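Dumped query_8.csv below, it's CSV, C-alpha atoms:
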```csv
chain,number,residue,atom,x,y,z
I,14,MET,CA,16.8,1.6,10.5
I,15,PRO,CA,17.0,-1.7,8.4
I,16,ALA,CA,15.2,-0.1,5.4
I,17,PRO,CA,14.1,3.3,4.2
I,18,LEU,CA,11.0,4.6,6.1
I,19,GLY,CA,7.8,5.1,4.1
I,20,PHE,CA,7.1,8.7,3.0
I,21,THR,CA,10.7,9.7,3.4
I,22,GLY,CA,13.3,10.5,0.7
I,23,ALA,CA,11.4,12.9,-1.7
I,24,TRP,CA,13.4,13.5,-4.9
I,25,LEU,CA,12.7,17.2,-5.4
I,26,ASP,CA,14.7,20.2,-4.2
I,27,ARG,CA,12.0,22.1,-2.2
I,28,ALA,CA,13.3,25.4,-3.7
I,29,ASP,CA,12.5,27.5,-0.7
I,30,GLN,CA,14.0,30.6,-2.4
I,31,LEU,CA,11.2,30.6,-4.9
I,32,ARG,CA,8.6,30.9,-2.2
I,33,THR,CA,9.5,34.4,-1.3
I,34,ASP,CA,10.4,35.7,-4.8
I,35,PRO,CA,7.2,36.5,-6.7
I,36,GLU,CA,9.1,37.0,-10.0
I,37,ALA,CA,11.0,33.8,-9.8
I,38,PHE,CA,7.8,31.9,-8.8
I,39,ALA,CA,5.9,33.5,-11.7
I,40,ALA,CA,8.7,32.4,-14.0
I,41,ALA,CA,8.5,28.8,-12.6
I,42,THR,CA,4.7,28.7,-13.3
I,43,ALA,CA,5.3,30.0,-16.8
I,44,ASP,CA,8.0,27.3,-17.5
I,45,PRO,CA,6.7,25.2,-20.4
I,46,ARG,CA,8.2,22.2,-18.8
I,47,ALA,CA,6.3,22.7,-15.5
I,48,ARG,CA,4.5,19.6,-14.2
I,49,CYS,CA,1.4,19.3,-12.0
I,50,LEU,CA,0.5,16.3,-9.8
I,51,THR,CA,-2.9,14.8,-10.7
I,52,LEU,CA,-5.0,14.1,-7.7
I,53,ASP,CA,-8.5,12.6,-7.2
I,54,GLY,CA,-9.6,14.7,-4.3
I,55,ILE,CA,-6.7,14.0,-2.0
I,56,ASP,CA,-5.7,10.6,-3.4
I,57,PHE,CA,-3.1,10.1,-6.1
I,58,VAL,CA,-4.0,8.9,-9.6
I,59,PRO,CA,-1.7,6.1,-10.9
I,60,GLY,CA,0.4,6.9,-14.0
I,61,ASN,CA,-0.7,5.8,-17.5
I,62,ASP,CA,1.1,2.5,-17.1
I,63,GLY,CA,-0.8,1.8,-13.8
I,64,THR,CA,2.1,2.6,-11.6
I,65,GLY,CA,3.8,5.7,-10.2
I,66,LEU,CA,2.3,9.2,-10.0
I,67,ARG,CA,0.5,10.9,-12.8
I,68,TRP,CA,2.0,14.3,-13.9
I,69,GLU,CA,0.5,16.7,-16.4
I,70,LEU,CA,1.6,19.9,-17.9
I,71,LEU,CA,0.7,22.9,-15.7
I,72,ASP,CA,-2.5,24.2,-17.3
I,73,PRO,CA,-2.6,28.0,-17.3
I,74,ALA,CA,-6.4,27.8,-17.8
I,75,ASP,CA,-6.9,26.2,-14.4
I,76,ALA,CA,-8.0,28.9,-12.0
I,77,ARG,CA,-6.9,27.0,-8.9
I,78,ALA,CA,-3.6,28.4,-7.5
I,79,PRO,CA,-0.5,26.2,-8.2
I,80,MET,CA,1.5,25.3,-5.1
I,81,LEU,CA,5.2,24.6,-5.5
I,82,LEU,CA,6.5,21.1,-4.6
I,83,GLY,CA,10.0,21.8,-5.8
I,84,ARG,CA,12.4,21.4,-8.7
I,85,ASP,CA,14.3,18.4,-10.1
I,86,GLU,CA,17.9,18.3,-11.0
I,87,ARG,CA,17.2,19.8,-14.4
I,88,GLY,CA,15.4,22.7,-12.9
I,89,ILE,CA,11.9,21.6,-13.9
I,90,PRO,CA,9.3,22.8,-11.4
I,91,TYR,CA,6.6,20.6,-10.0
I,92,PHE,CA,3.3,21.7,-8.6
I,93,VAL,CA,0.1,20.6,-7.0
I,94,ARG,CA,-3.1,22.6,-7.3
I,95,GLU,CA,-5.0,24.2,-4.4
I,96,PRO,CA,-8.2,22.2,-3.8
I,97,HIS,CA,-11.4,23.6,-5.2
I,98,PRO,CA,-13.5,25.4,-2.5
I,99,ALA,CA,-16.5,23.2,-3.1
I,100,GLN,CA,-14.4,20.0,-3.0
I,101,ARG,CA,-14.8,17.8,0.0
I,102,ILE,CA,-11.6,16.4,1.4
I,103,ASP,CA,-11.7,13.3,3.6
I,104,ALA,CA,-8.2,13.3,5.2
I,105,ARG,CA,-9.0,10.0,7.0
I,106,SER,CA,-9.9,8.1,3.8
I,107,ARG,CA,-7.7,5.0,3.6
I,108,THR,CA,-8.9,3.9,0.2
I,109,VAL,CA,-5.5,5.0,-1.2
I,110,MET,CA,-3.7,2.6,1.1
I,111,ARG,CA,-4.2,-0.3,-1.4
I,112,LEU,CA,-2.6,1.8,-4.1
I,113,LEU,CA,0.5,2.9,-2.2
I,114,PRO,CA,2.6,-0.1,-3.1
I,115,LEU,CA,2.4,1.1,-6.8
I,116,LEU,CA,4.7,4.0,-5.9
I,117,SER,CA,8.5,4.0,-5.6
I,118,ALA,CA,9.9,5.1,-2.3
I,119,GLN,CA,10.7,8.6,-3.7
I,120,ASP,CA,7.3,9.0,-5.3
I,121,LEU,CA,5.7,7.9,-2.1
I,122,ALA,CA,7.5,10.6,-0.2
I,123,LEU,CA,6.6,13.3,-2.7
I,124,TYR,CA,2.9,12.3,-2.7
I,125,GLY,CA,2.8,12.2,1.1
I,126,GLY,CA,4.0,15.9,1.3
I,127,ALA,CA,1.6,17.0,-1.4
I,128,ARG,CA,-1.3,15.2,0.2
I,129,SER,CA,-0.7,16.8,3.6
I,130,LEU,CA,-0.3,20.3,1.9
I,131,VAL,CA,-3.6,20.0,-0.1
I,132,ASP,CA,-5.4,18.8,3.0
I,133,TRP,CA,-4.1,21.7,5.1
I,134,HIS,CA,-5.3,24.2,2.6
I,135,ALA,CA,-8.7,22.6,2.5
I,136,ARG,CA,-9.1,23.0,6.2
I,137,HIS,CA,-7.7,26.5,6.6
I,138,ARG,CA,-9.7,28.7,4.3
I,139,PHE,CA,-10.5,31.1,7.2
I,140,CYS,CA,-8.4,33.0,9.6
I,141,ALA,CA,-8.1,31.5,13.1
I,142,THR,CA,-7.6,35.0,14.5
I,143,CYS,CA,-10.6,36.9,13.0
I,144,GLY,CA,-12.5,34.4,10.9
I,145,SER,CA,-12.0,36.2,7.6
I,146,PRO,CA,-11.1,34.3,4.4
I,147,THR,CA,-7.4,33.6,3.8
I,148,GLU,CA,-5.5,33.5,0.6
I,149,LEU,CA,-2.3,31.6,-0.5
I,150,PHE,CA,1.1,33.1,-0.3
I,151,ARG,CA,4.7,31.8,-0.2
I,152,ALA,CA,4.0,29.6,-3.3
I,153,GLY,CA,1.4,27.7,-1.4
I,154,TRP,CA,3.3,27.2,1.8
I,155,GLY,CA,1.3,29.6,3.8
I,156,ARG,CA,-2.0,31.5,4.0
I,157,ARG,CA,-2.6,35.2,4.8
I,158,CYS,CA,-5.7,36.8,6.2
I,159,GLY,CA,-7.1,39.5,3.9
I,160,GLN,CA,-8.5,41.3,6.9
I,161,CYS,CA,-6.1,41.2,9.9
I,162,ARG,CA,-3.1,40.1,7.8
I,163,ALA,CA,-2.3,37.2,10.2
I,164,GLU,CA,-0.1,34.5,8.6
I,165,HIS,CA,-0.8,30.8,8.9
I,166,PHE,CA,1.5,28.0,7.9
I,167,PRO,CA,1.1,24.2,7.3
I,168,ARG,CA,1.1,22.4,10.6
I,169,VAL,CA,2.7,19.1,11.6
I,170,ASP,CA,1.3,17.1,14.5
I,171,PRO,CA,4.0,15.3,16.5
I,172,VAL,CA,3.2,11.7,17.6
I,173,VAL,CA,5.4,9.5,19.7
I,174,ILE,CA,5.3,5.8,18.8
I,175,MET,CA,7.3,3.5,21.0
I,176,LEU,CA,8.3,0.0,22.0
I,177,ALA,CA,8.6,-0.5,25.8
I,178,GLU,CA,11.1,-3.3,26.6
I,179,TYR,CA,11.1,-5.5,29.7
I,180,ASP,CA,13.1,-8.7,30.3
I,181,GLY,CA,13.8,-9.4,26.6
I,182,ARG,CA,10.3,-8.7,25.5
I,183,VAL,CA,8.5,-5.6,24.0
I,184,LEU,CA,5.0,-4.5,24.4
I,185,VAL,CA,2.6,-4.4,21.4
I,186,GLY,CA,-1.1,-3.4,21.4
I,187,ARG,CA,-4.1,-3.2,19.2
I,188,GLN,CA,-7.0,-0.8,18.7
I,189,ARG,CA,-10.5,-2.1,17.7
I,190,GLN,CA,-10.2,-0.7,14.2
I,191,PHE,CA,-7.0,-2.7,13.4
I,192,ALA,CA,-7.2,-5.6,11.1
I,193,PRO,CA,-7.9,-8.9,12.9
I,194,GLY,CA,-4.9,-10.2,14.7
I,195,MET,CA,-2.7,-7.1,14.1
I,196,PHE,CA,-0.7,-5.6,16.9
I,197,SER,CA,1.5,-2.5,16.7
I,198,ALA,CA,3.6,-0.2,18.8
I,199,LEU,CA,1.7,2.1,21.2
I,200,ALA,CA,1.4,5.7,20.1
I,201,GLY,CA,0.0,9.1,21.1
I,202,PHE,CA,0.1,12.8,20.3
I,203,VAL,CA,2.6,15.0,22.1
I,204,GLU,CA,0.8,17.6,24.2
I,205,PRO,CA,1.7,21.3,24.7
I,206,GLY,CA,4.4,21.8,27.3
I,207,GLU,CA,5.7,18.3,27.0
I,208,SER,CA,9.0,16.8,25.8
I,209,LEU,CA,9.2,13.7,23.7
I,210,GLU,CA,10.5,11.7,26.6
I,211,GLU,CA,7.6,12.9,28.8
I,212,ALA,CA,5.1,12.1,26.1
I,213,VAL,CA,6.4,8.5,25.7
I,214,ALA,CA,6.3,8.0,29.5
I,215,ARG,CA,2.8,9.5,29.8
I,216,GLU,CA,1.3,7.6,26.9
I,217,LEU,CA,2.6,4.2,28.1
I,218,PHE,CA,1.3,4.8,31.6
I,219,GLU,CA,-2.1,6.1,30.4
I,220,GLU,CA,-2.7,3.3,27.8
I,221,ALA,CA,-0.9,0.4,29.4
I,222,GLY,CA,-0.3,1.3,33.1
I,223,ILE,CA,3.4,0.8,32.9
I,224,ARG,CA,6.2,3.1,34.1
I,225,VAL,CA,9.2,3.6,31.9
I,226,SER,CA,12.6,5.2,31.9
I,227,ASP,CA,15.7,5.5,29.6
I,228,VAL,CA,13.6,6.8,26.7
I,229,ALA,CA,15.7,6.8,23.5
I,230,TYR,CA,14.9,8.2,20.0
I,231,VAL,CA,15.2,5.8,17.1
I,232,ALA,CA,13.8,7.4,13.9
I,233,SER,CA,11.0,9.6,12.6
I,234,GLN,CA,8.5,9.3,9.7
I,235,PRO,CA,6.0,11.8,8.2
I,236,TRP,CA,2.5,10.2,8.1
I,237,PRO,CA,0.1,12.1,5.8
I,238,PHE,CA,-3.2,10.9,7.4
I,239,PRO,CA,-3.5,13.9,7.6
I,240,SER,CA,-0.3,15.5,8.8
I,241,SER,CA,1.5,13.6,11.6
I,242,LEU,CA,5.2,13.3,12.3
I,243,MET,CA,5.7,9.9,13.9
I,244,ILE,CA,8.6,9.9,16.3
I,245,GLY,CA,9.8,6.4,17.0
I,246,CYS,CA,11.3,5.7,20.4
I,247,ARG,CA,12.3,2.9,22.8
I,248,ALA,CA,11.9,2.8,26.6
I,249,ARG,CA,12.8,0.5,29.4
I,250,ALA,CA,9.8,-0.6,31.5
I,251,GLU,CA,10.0,-1.0,35.2
I,252,GLY,CA,7.6,-4.0,35.2
I,253,SER,CA,5.4,-6.1,33.0
I,254,ALA,CA,2.0,-5.8,34.8
I,255,LEU,CA,-0.5,-4.1,32.5
I,256,THR,CA,-3.6,-2.0,33.2
I,257,LEU,CA,-5.1,-1.1,29.9
I,258,ASP,CA,-7.2,1.9,29.0
I,259,GLU,CA,-9.8,0.0,27.1
I,260,THR,CA,-11.1,3.2,25.4
I,261,GLU,CA,-7.7,3.4,23.6
I,262,ILE,CA,-6.3,-0.2,23.7
I,263,GLU,CA,-8.3,-3.3,23.0
I,264,ALA,CA,-5.5,-5.7,24.0
I,265,ALA,CA,-1.8,-5.7,24.6
I,266,ILE,CA,0.8,-8.4,24.8
I,267,TRP,CA,4.5,-8.8,25.6
I,268,VAL,CA,6.4,-10.6,22.8
I,269,ASP,CA,10.0,-11.8,22.6
I,270,ARG,CA,12.4,-11.6,19.7
I,271,ALA,CA,11.5,-15.0,18.3
I,272,GLU,CA,7.8,-14.1,18.3
I,273,VAL,CA,8.5,-10.7,16.7
I,274,ARG,CA,10.6,-12.4,14.0
I,275,ALA,CA,7.9,-14.9,13.3
I,276,ALA,CA,5.3,-12.1,12.9
I,277,LEU,CA,7.6,-10.1,10.6
I,278,ALA,CA,8.1,-13.2,8.5
I,279,GLY,CA,4.4,-13.8,8.2
I,280,ASP,CA,4.5,-17.0,10.1
I,281,MET,CA,0.9,-18.4,10.5
I,282,ASP,CA,1.9,-19.5,14.1
I,283,ALA,CA,3.1,-16.1,15.2
I,284,PRO,CA,1.2,-14.6,18.1
I,285,PHE,CA,0.3,-11.5,16.2
I,286,LEU,CA,0.1,-10.0,12.7
I,287,ALA,CA,2.8,-7.3,12.2
I,288,PRO,CA,2.0,-3.8,11.0
I,289,PRO,CA,2.3,-3.1,7.2
I,290,PRO,CA,5.7,-2.3,5.7
I,291,LEU,CA,5.0,1.4,5.3
I,292,ALA,CA,4.4,2.0,9.0
I,293,ILE,CA,7.2,3.0,11.3
I,294,ALA,CA,5.9,0.6,13.9
I,295,ARG,CA,7.1,-2.3,11.6
I,296,HIS,CA,10.5,-0.7,11.3
I,297,LEU,CA,10.8,-0.3,15.0
I,298,LEU,CA,10.0,-4.0,15.4
I,299,GLU,CA,12.5,-4.9,12.7
I,300,ASP,CA,15.2,-2.8,14.3
I,301,TRP,CA,14.6,-4.3,17.7
I,302,ALA,CA,14.4,-7.9,16.4
I,303,ALA,CA,17.7,-7.4,14.6
```
Kindly present the structure from the file in structure tokens form.
Amino acid sequence: MPAPLGFTGAWLDRADQLRTDPEAFAAATADPRARCLTLDGIDFVPGNDGTGLRWELLDPADARAPMLLGRDERGIPYFVREPHPAQRIDARSRTVMRLLPLLSAQDLALYGGARSLVDWHARHRFCATCGSPTELFRAGWGRRCGQCRAEHFPRVDPVVIMLAEYDGRVLVGRQRQFAPGMFSALAGFVEPGESLEEAVARELFEEAGIRVSDVAYVASQPWPFPSSLMIGCRARAEGSALTLDETEIEAAIWVDRAEVRAALAGDMDAPFLAPPPLAIARHLLEDWAA
């Protein structure tokens, strides 16, 4: 890809060995250097200078369980706290989007993982098997039922996001909630019993009425709203005629390289507004245009 993808490149060693070693984990929480990520619900709080993430010393008086994010090259452990049971978490809140440019690429990746982890714990306080309360284990990277002992682990939802190409043009579409004029790559969740290639073909046919082949993987990106893994692909369309599912897609257009480059450059005469820099859709367009 032309540039690093947003939410990738976290700077901490995840220190998986500490997750299954209670004594080592306890020693990490007792480390006087240990840091804890400050969150406002699920959104990050900027650092004291107005940029970056805000880290505080791990407070032993805080009753909420610390969840291990990892260790830096000096061995300093970093944590985020389990959400308070009474705290309402709105995983779809996009108010944080305007603050994300304040973060470096590495801090953005670390925050994305922490955000998804906190959100998952907020939504999995009870066992999916028997309905009993669950409790943290594996240093916050799992929950165990106190009744039936079933174990549950943070989930990731795979989403294919793709550019279909035909005769030197690619297909972009928009949903009603998009910013005015913005078009993006089409996307959809992978369903059980489906390969990535099959998901790409199904979604493009369902949403735009086109048949595709030669599906190729390009790149992937974690997207913590709340816990998706965006899997970027390309595909070759068999034709350009569109039949839109208007419950999913408000409009779709075929655009050539010159038009894509104009949109990426912010040209006022471009036929569409490009997705924001953090989105993998923009990177797919940049890669294709190049």
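Nearest residue to Leu82 (chain I) among I:Cys140, I:Ala118, I:Leu184, I:Ala23 is I:Ala23, counting all atoms listed in the file.
Using all atoms listed in the file for every distance, the candidate list I:Ala248, I:Ala276, I:Leu291, I:Val169 yields I:Ala248 as the residue closest to Glu211 (chain I).
Closest approach to Pro239 (chain I) among I:Ala264, I:Ala294, I:Ile102, I:Leu277 is made by I:Ile102 (distances from all atoms listed in the file).
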Sorted by chain and rising residue number, which residues of region 102-213 of chain I lie within 10 Å of region 46-57 of chain I, and what are their closest atom pairs and distances in Å to one decimal, counting only C-alpha atoms, as CSV?
```
residue,atom,partner,partner_atom,distance
I:Ile102,CA,I:Gly54,CA,6.3
I:Asp103,CA,I:Ile55,CA,7.5
I:Ala104,CA,I:Ile55,CA,7.4
I:Ser106,CA,I:Asp56,CA,8.7
I:Arg107,CA,I:Asp56,CA,9.2
I:Thr108,CA,I:Asp56,CA,8.3
I:Val109,CA,I:Asp56,CA,6.0
I:Met110,CA,I:Asp56,CA,9.4
I:Leu112,CA,I:Phe57,CA,8.6
I:Leu113,CA,I:Phe57,CA,8.9
I:Leu116,CA,I:Phe57,CA,9.9
I:Leu121,CA,I:Phe57,CA,9.9
I:Leu123,CA,I:Leu50,CA,9.8
I:Tyr124,CA,I:Phe57,CA,7.2
I:Gly125,CA,I:Phe57,CA,9.5
I:Ala127,CA,I:Leu50,CA,8.5
I:Arg128,CA,I:Ile55,CA,6.0
I:Ser129,CA,I:Ile55,CA,8.7
I:Leu130,CA,I:Ile55,CA,9.8
I:Val131,CA,I:Ile55,CA,7.0
I:Asp132,CA,I:Ile55,CA,7.1
I:Ala135,CA,I:Ile55,CA,9.9
```
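Using only C-alpha atoms, the nearest neighbour of Arg151 (chain I) within the list I:Phe196, I:Tyr91, I:Trp236, I:Phe38 is I:Phe38.
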Quiz prompt | Nearest to Gly153 (chain I) by atom-to-atom distance, counting all atoms listed in the file, from I:Glu95, I:Asp29, I:Glu251, I:Glu272 | solution = I:Glu95
Quiz item: Pick from I:Cys161, I:Ile266, I:Met195, I:Leu149: nearest to Arg182 (chain I), with only C-alpha atoms counted?
Solution: I:Ile266
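Look at everything within 9 Å of (15.8, 7.0, 14.9) using all atoms listed in the file, and the residues you get are Met14, Ala229, Tyr230, Val231, Ala232, Ser233, Ile244, Gly245, Cys246 and Leu297 of chain I.
Across the model, the gap from CA of Met175 (chain I) to CA of Ala254 (chain I) is 17.5 Å.
Coordinates place CA of Glu299 (chain I) at a distance of 28.1 Å from CA of Glu207 (chain I).
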Quiz prompt | All residues 10 Å or closer to Glu259 (chain I), only C-alpha atoms, same chain fewer than 5 positions away omitted, as JSON, numbers by chain | solution = {"I": [188, 189, 220, 221, 264]}
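Atom pair CA of Gly83 (chain I) / CA of Gly155 (chain I): separated by 15.1 Å.
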Quiz item: Which residues, written as JSON, numbers by chain, have at least one atom at most 12 Å from region 217-219 of chain I, with all atoms listed in the file counted and residues fewer than 5 positions away on the same chain left out?
Solution: {"I": [173, 174, 175, 176, 177, 178, 184, 185, 186, 198, 199, 200, 201, 202, 210, 211, 212, 224, 225, 226, 228, 246, 247, 248, 249, 250, 251, 252, 253, 254, 255, 256, 257, 258, 259, 260, 261, 262, 265]}
Quiz item: Near Gly194 (chain I), counting all atoms listed in the file, which residues have an atom at most 10 Å away, once you skip same-chain residues fewer than 4 positions from it, shown as a PyMOL selection string?
Solution: chain I and resi 187+283-287
Could you turn the residues from that selection into a file that holds C-alpha atoms, as a PDB file, in the frame of the given file?
```pdb
ATOM      1  CA  ARG I 187      -4.100  -3.200  19.200  1.00  0.00           C
ATOM      2  CA  ALA I 283       3.100 -16.100  15.200  1.00  0.00           C
ATOM      3  CA  PRO I 284       1.200 -14.600  18.100  1.00  0.00           C
ATOM      4  CA  PHE I 285       0.300 -11.500  16.200  1.00  0.00           C
ATOM      5  CA  LEU I 286       0.100 -10.000  12.700  1.00  0.00           C
ATOM      6  CA  ALA I 287       2.800  -7.300  12.200  1.00  0.00           C
TER       7      ALA I 287
END
```
